[in-house]
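File shown: target_36.pdb (PDB, C-alpha atoms, pLDDT in the B column).
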```pdb
ATOM      1  CA  MET A 177      -1.083  14.498  64.888  1.00 62.00           C
ATOM      2  CA  LYS A 178      -1.813  15.416  61.274  1.00 60.00           C
ATOM      3  CA  LYS A 179      -5.143  16.986  62.280  1.00 60.00           C
ATOM      4  CA  ILE A 180      -3.489  19.199  64.884  1.00 61.00           C
ATOM      5  CA  THR A 181      -0.750  20.277  62.485  1.00 58.00           C
ATOM      6  CA  LEU A 182      -3.291  20.998  59.759  1.00 50.00           C
ATOM      7  CA  PHE A 183      -5.471  22.984  62.179  1.00 58.00           C
ATOM      8  CA  LEU A 184      -2.536  25.096  63.384  1.00 51.00           C
ATOM      9  CA  LEU A 185      -1.340  25.683  59.831  1.00 53.00           C
ATOM     10  CA  CYS A 186      -4.814  26.815  58.719  1.00 54.00           C
ATOM     11  CA  THR A 187      -5.180  29.102  61.755  1.00 61.00           C
ATOM     12  CA  VAL A 188      -1.816  30.795  61.173  1.00 56.00           C
ATOM     13  CA  LEU A 189      -2.513  31.172  57.462  1.00 51.00           C
ATOM     14  CA  THR A 190      -5.954  32.640  58.090  1.00 59.00           C
ATOM     15  CA  LEU A 191      -4.671  35.174  60.615  1.00 55.00           C
ATOM     16  CA  SER A 192      -1.760  36.269  58.442  1.00 57.00           C
ATOM     17  CA  VAL A 193      -3.950  36.771  55.361  1.00 57.00           C
ATOM     18  CA  SER A 194      -6.788  38.548  57.183  1.00 55.00           C
ATOM     19  CA  GLY A 195      -4.670  41.454  58.394  1.00 52.00           C
ATOM     20  CA  CYS A 196      -4.675  40.473  62.048  1.00 46.00           C
ATOM     21  CA  SER A 197      -0.895  40.347  62.073  1.00 44.00           C
ATOM     22  CA  ALA A 198      -0.763  43.994  60.942  1.00 43.00           C
ATOM     23  CA  PHE A 199      -3.234  44.862  63.684  1.00 42.00           C
ATOM     24  CA  LEU A 200      -1.089  43.129  66.303  1.00 44.00           C
ATOM     25  CA  ILE A 201       1.987  45.005  65.090  1.00 44.00           C
ATOM     26  CA  GLY A 202       0.112  48.304  65.164  1.00 41.00           C
ATOM     27  CA  ALA A 203      -1.375  47.629  68.595  1.00 40.00           C
ATOM     28  CA  GLY A 204       2.057  48.005  70.129  1.00 40.00           C
ATOM     29  CA  THR A 205       2.577  51.574  68.966  1.00 40.00           C
ATOM     30  CA  ALA A 206       2.837  54.403  71.467  1.00 43.00           C
ATOM     31  CA  GLY A 207      -0.440  56.275  71.537  1.00 47.00           C
ATOM     32  CA  GLY A 208      -1.814  54.802  68.341  1.00 48.00           C
ATOM     33  CA  ILE A 209      -3.466  51.704  67.029  1.00 51.00           C
ATOM     34  CA  GLY A 210      -3.105  49.914  63.714  1.00 48.00           C
ATOM     35  CA  LEU A 211      -6.219  50.295  61.590  1.00 50.00           C
ATOM     36  CA  GLY A 212      -5.159  48.384  58.530  1.00 58.00           C
ATOM     37  CA  LEU A 213      -2.137  47.243  56.653  1.00 68.00           C
ATOM     38  CA  ASP A 214      -0.641  50.733  56.422  1.00 77.00           C
ATOM     39  CA  THR A 215      -2.491  53.058  58.825  1.00 89.00           C
ATOM     40  CA  ILE A 216      -1.986  53.973  62.471  1.00 92.00           C
ATOM     41  CA  ARG A 217      -4.502  56.144  64.338  1.00 91.00           C
ATOM     42  CA  LEU A 218      -3.700  58.606  67.098  1.00 91.00           C
ATOM     43  CA  GLU A 219      -6.246  60.582  69.103  1.00 89.00           C
ATOM     44  CA  ARG A 220      -5.315  63.725  71.010  1.00 85.00           C
ATOM     45  CA  TYR A 221      -7.209  66.254  73.032  1.00 86.00           C
ATOM     46  CA  MET A 222      -6.335  69.633  71.506  1.00 85.00           C
ATOM     47  CA  GLU A 223      -7.537  72.265  69.091  1.00 87.00           C
ATOM     48  CA  TYR A 224      -7.580  71.378  65.411  1.00 89.00           C
ATOM     49  CA  GLY A 225      -5.221  74.196  64.395  1.00 89.00           C
ATOM     50  CA  HIS A 226      -2.724  73.155  67.033  1.00 89.00           C
ATOM     51  CA  ALA A 227      -2.822  69.501  65.900  1.00 91.00           C
ATOM     52  CA  TRP A 228      -2.327  70.647  62.296  1.00 92.00           C
ATOM     53  CA  ALA A 229       0.718  72.740  63.249  1.00 92.00           C
ATOM     54  CA  ILE A 230       2.253  69.913  65.300  1.00 93.00           C
ATOM     55  CA  THR A 231       1.770  67.429  62.467  1.00 94.00           C
ATOM     56  CA  LEU A 232       3.433  69.712  59.921  1.00 94.00           C
ATOM     57  CA  ALA A 233       6.261  70.542  62.346  1.00 92.00           C
ATOM     58  CA  THR A 234       6.851  66.829  62.985  1.00 94.00           C
ATOM     59  CA  LEU A 235       7.122  66.129  59.252  1.00 95.00           C
ATOM     60  CA  GLU A 236       9.532  69.052  58.875  1.00 93.00           C
ATOM     61  CA  GLU A 237      11.685  67.819  61.781  1.00 92.00           C
ATOM     62  CA  MET A 238      11.831  64.382  60.148  1.00 94.00           C
ATOM     63  CA  ASN A 239      12.918  65.968  56.837  1.00 94.00           C
ATOM     64  CA  ALA A 240       9.818  64.799  54.993  1.00 95.00           C
ATOM     65  CA  ARG A 241       8.957  66.654  51.787  1.00 96.00           C
ATOM     66  CA  VAL A 242       5.372  67.923  52.035  1.00 96.00           C
ATOM     67  CA  SER A 243       3.849  67.844  48.552  1.00 96.00           C
ATOM     68  CA  SER A 244       0.335  69.034  49.387  1.00 96.00           C
ATOM     69  CA  GLU A 245      -1.689  70.190  52.343  1.00 93.00           C
ATOM     70  CA  ASP A 246      -5.354  71.139  52.673  1.00 94.00           C
ATOM     71  CA  VAL A 247      -6.233  72.438  56.133  1.00 91.00           C
ATOM     72  CA  ASN A 248      -9.985  72.494  55.335  1.00 91.00           C
ATOM     73  CA  LYS A 249     -10.067  68.809  54.376  1.00 94.00           C
ATOM     74  CA  GLY A 250      -7.420  67.891  56.959  1.00 94.00           C
ATOM     75  CA  LYS A 251      -5.175  66.145  54.434  1.00 97.00           C
ATOM     76  CA  ILE A 252      -1.395  66.209  54.189  1.00 97.00           C
ATOM     77  CA  SER A 253       0.657  64.354  51.582  1.00 97.00           C
ATOM     78  CA  ALA A 254       4.402  63.984  51.929  1.00 96.00           C
ATOM     79  CA  ALA A 255       7.336  61.802  50.911  1.00 96.00           C
ATOM     80  CA  MET A 256      10.275  60.465  52.873  1.00 92.00           C
ATOM     81  CA  GLU A 257      12.790  57.641  52.418  1.00 85.00           C
ATOM     82  CA  ASP A 258      11.114  56.464  49.183  1.00 91.00           C
ATOM     83  CA  SER A 259       7.805  56.278  51.061  1.00 94.00           C
ATOM     84  CA  ASP A 260       4.531  58.076  50.383  1.00 95.00           C
ATOM     85  CA  ILE A 261       2.927  59.518  53.512  1.00 96.00           C
ATOM     86  CA  SER A 262      -0.776  60.386  53.789  1.00 96.00           C
ATOM     87  CA  ILE A 263      -2.083  62.021  56.936  1.00 96.00           C
ATOM     88  CA  GLN A 264      -5.735  62.744  57.665  1.00 96.00           C
ATOM     89  CA  LEU A 265      -6.800  64.959  60.596  1.00 95.00           C
ATOM     90  CA  ILE A 266     -10.416  64.602  61.680  1.00 94.00           C
ATOM     91  CA  GLN A 267     -12.198  66.796  64.244  1.00 92.00           C
ATOM     92  CA  GLN A 268     -14.154  64.589  66.639  1.00 86.00           C
ATOM     93  CA  LYS A 269     -16.352  65.654  69.547  1.00 77.00           C
ATOM     94  CA  SER A 270     -15.239  68.662  71.592  1.00 76.00           C
ATOM     95  CA  GLN A 271     -11.493  69.095  71.084  1.00 78.00           C
ATOM     96  CA  THR A 272     -10.590  65.509  70.263  1.00 88.00           C
ATOM     97  CA  ILE A 273      -8.574  65.192  67.065  1.00 91.00           C
ATOM     98  CA  THR A 274      -8.045  61.918  65.211  1.00 92.00           C
ATOM     99  CA  ILE A 275      -4.813  61.702  63.217  1.00 93.00           C
ATOM    100  CA  ASP A 276      -4.577  58.808  60.738  1.00 94.00           C
ATOM    101  CA  VAL A 277      -1.055  58.193  59.405  1.00 95.00           C
ATOM    102  CA  SER A 278      -0.722  55.959  56.347  1.00 94.00           C
ATOM    103  CA  VAL A 279       2.672  55.139  54.827  1.00 94.00           C
ATOM    104  CA  ARG A 280       3.521  53.059  51.756  1.00 93.00           C
ATOM    105  CA  LYS A 281       6.950  52.286  50.341  1.00 91.00           C
ATOM    106  CA  LYS A 282       6.983  51.179  46.704  1.00 88.00           C
ATOM    107  CA  GLY A 283       3.349  50.111  47.048  1.00 86.00           C
ATOM    108  CA  PHE A 284       3.852  48.111  50.246  1.00 91.00           C
ATOM    109  CA  PRO A 285       2.901  49.195  53.786  1.00 91.00           C
ATOM    110  CA  ASN A 286       5.681  50.804  55.821  1.00 91.00           C
ATOM    111  CA  MET A 287       4.392  50.429  59.384  1.00 91.00           C
ATOM    112  CA  GLU A 288       7.784  51.252  60.912  1.00 92.00           C
ATOM    113  CA  LEU A 289       7.806  54.755  59.436  1.00 93.00           C
ATOM    114  CA  ALA A 290       4.112  55.260  60.259  1.00 93.00           C
ATOM    115  CA  ASP A 291       4.855  54.251  63.851  1.00 92.00           C
ATOM    116  CA  THR A 292       7.825  56.646  64.011  1.00 93.00           C
ATOM    117  CA  ILE A 293       5.687  59.542  62.736  1.00 93.00           C
ATOM    118  CA  VAL A 294       2.919  58.785  65.253  1.00 93.00           C
ATOM    119  CA  GLN A 295       5.419  58.553  68.107  1.00 92.00           C
ATOM    120  CA  ASN A 296       7.027  61.861  67.114  1.00 92.00           C
ATOM    121  CA  ILE A 297       3.628  63.559  66.961  1.00 91.00           C
ATOM    122  CA  SER A 298       2.597  62.106  70.324  1.00 86.00           C
ATOM    123  CA  VAL A 299       5.738  63.260  72.165  1.00 84.00           C
ATOM    124  CA  SER A 300       5.922  66.723  70.627  1.00 76.00           C
ATOM    125  CA  ASN A 301       6.127  69.614  73.073  1.00 58.00           C
ATOM    126  CA  THR A 302       2.696  71.163  73.347  1.00 51.00           C
ATOM    127  CA  PRO A 303       1.153  73.642  75.761  1.00 46.00           C
ATOM    128  CA  LEU A 304      -1.907  71.375  75.995  1.00 42.00           C
ATOM    129  CA  SER A 305      -1.718  68.070  77.783  1.00 38.00           C
ATOM    130  CA  PRO A 306      -2.361  65.195  75.330  1.00 42.00           C
ATOM    131  CA  ILE A 307      -4.788  62.427  76.208  1.00 43.00           C
ATOM    132  CA  PHE A 308      -3.958  59.168  74.488  1.00 39.00           C
ATOM    133  CA  ARG A 309      -6.475  56.403  74.093  1.00 39.00           C
ATOM    134  CA  TYR A 310      -6.822  53.376  71.914  1.00 34.00           C
ATOM    135  CA  THR A 311      -9.815  53.167  69.629  1.00 37.00           C
ATOM    136  CA  PRO A 312     -11.107  49.798  68.486  1.00 33.00           C
TER     137      PRO A 312
END
```
Could you show the structure in this file as C-alpha cells?
Amino acid sequence: MKKITLFLLCTVLTLSVSGCSAFLIGAGTAGGIGLGLDTIRLERYMEYGHAWAITLATLEEMNARVSSEDVNKGKISAAMEDSDISIQLIQQKSQTITIDVSVRKKGFPNMELADTIVQNISVSNTPLSPIFRYTP
C-alpha cells in the first residue's frame, strides 16, 4: 500500500512541477493551445494586417491599455487588470497567422485572462472565415 501511495504521490508531483498541468488547462481553450505556463497559441487563416487589426481591436474592446506595438516585429505589449500582456503575431505559410498570447499578473501566469483574450480574438467578426487548429 505504501508503494502505491508513494508512486501516485511522485507521479502527481512530477506532473505538477513539469508544467503538464498548465498544458492541460490550456488544452481546453477555444481555438488555442497552452504552450507554457503563461502562453496560449491561436492559429488563424487570414492576412497578417487583418490579424493585427483584429488583435488591437480586441484589446481595445477589453479596455486594455496598449503600451507599445511594432507591426514589423509583430509584437504588442499591453496592460489590463494588473496584468502584463504580450502578444506575438507570426506569419506562417500562405495566410496562416500564429498569435501567441502571454499574460502575467504580478509575475505569475494569468491563464484565465490569456484564455479570454484568445477567445475574444477567435470569435471576432471577420470577413474571412477563420480556421482553427491545435498545434502540438
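If you apply the PyMOL selection byres ((chain A and resi 279) around 9) to this structure, you end up with Asp214, Thr215, Ser259, Asp260, Ile261, Ser262, Ile263, Val277, Ser278, Arg280, Lys281, Phe284, Pro285, Asn286, Met287, Glu288, Leu289 and Ala290 of chain A.
One distance worth recording is that between atom CA of Arg220 of chain A and atom CA of Asn239 of chain A, which is 23.2 Å.
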- Task: Mind checking which residues fall within 9 Å of segment 267-276 of chain A, counting all atoms listed in the file, ignoring those fewer than 3 positions away in the same chain, and posting them as number ranges by chain?
- Result: A: 211, 215-224, 227, 231, 250, 262-264, 294, 307
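Here atom CA of Ile266 of chain A and atom CA of Ile297 of chain A stand 15.0 Å from one another.
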Please reconstruct the missing atoms of segment 221-236 of chain A (target: N, CA and C atoms) and return them as a tab-separated table (two decimals), keeping the file's coordinate frame.
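Final output, saved to selection04.tsv:
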```tsv
chain	number	residue	atom	x	y	z
A	221	TYR	N	-6.29	65.23	72.57
A	221	TYR	CA	-7.21	66.25	73.03
A	221	TYR	C	-6.52	67.61	72.85
A	222	MET	N	-6.89	68.31	71.79
A	222	MET	CA	-6.34	69.63	71.51
A	222	MET	C	-7.13	70.28	70.39
A	223	GLU	N	-6.87	71.54	70.17
A	223	GLU	CA	-7.54	72.26	69.09
A	223	GLU	C	-7.03	71.78	67.74
A	224	TYR	N	-7.91	71.85	66.75
A	224	TYR	CA	-7.58	71.38	65.41
A	224	TYR	C	-6.36	72.10	64.84
A	225	GLY	N	-6.33	73.42	64.94
A	225	GLY	CA	-5.22	74.20	64.40
A	225	GLY	C	-3.90	73.84	65.04
A	226	HIS	N	-3.94	73.54	66.32
A	226	HIS	CA	-2.72	73.16	67.03
A	226	HIS	C	-2.24	71.78	66.56
A	227	ALA	N	-3.17	70.84	66.39
A	227	ALA	CA	-2.82	69.50	65.90
A	227	ALA	C	-2.24	69.58	64.48
A	228	TRP	N	-2.82	70.45	63.67
A	228	TRP	CA	-2.33	70.65	62.30
A	228	TRP	C	-0.88	71.16	62.32
A	229	ALA	N	-0.63	72.16	63.16
A	229	ALA	CA	0.72	72.74	63.25
A	229	ALA	C	1.74	71.72	63.76
A	230	ILE	N	1.35	70.94	64.76
A	230	ILE	CA	2.25	69.91	65.30
A	230	ILE	C	2.57	68.86	64.25
A	231	THR	N	1.57	68.45	63.50
A	231	THR	CA	1.77	67.43	62.47
A	231	THR	C	2.74	67.93	61.40
A	232	LEU	N	2.53	69.15	60.92
A	232	LEU	CA	3.43	69.71	59.92
A	232	LEU	C	4.84	69.90	60.48
A	233	ALA	N	4.95	70.36	61.72
A	233	ALA	CA	6.26	70.54	62.35
A	233	ALA	C	6.99	69.20	62.51
A	234	THR	N	6.25	68.16	62.84
A	234	THR	CA	6.85	66.83	62.98
A	234	THR	C	7.40	66.35	61.65
A	235	LEU	N	6.64	66.54	60.58
A	235	LEU	CA	7.12	66.13	59.25
A	235	LEU	C	8.37	66.92	58.87
A	236	GLU	N	8.38	68.21	59.18
A	236	GLU	CA	9.53	69.05	58.88
A	236	GLU	C	10.76	68.59	59.66
```
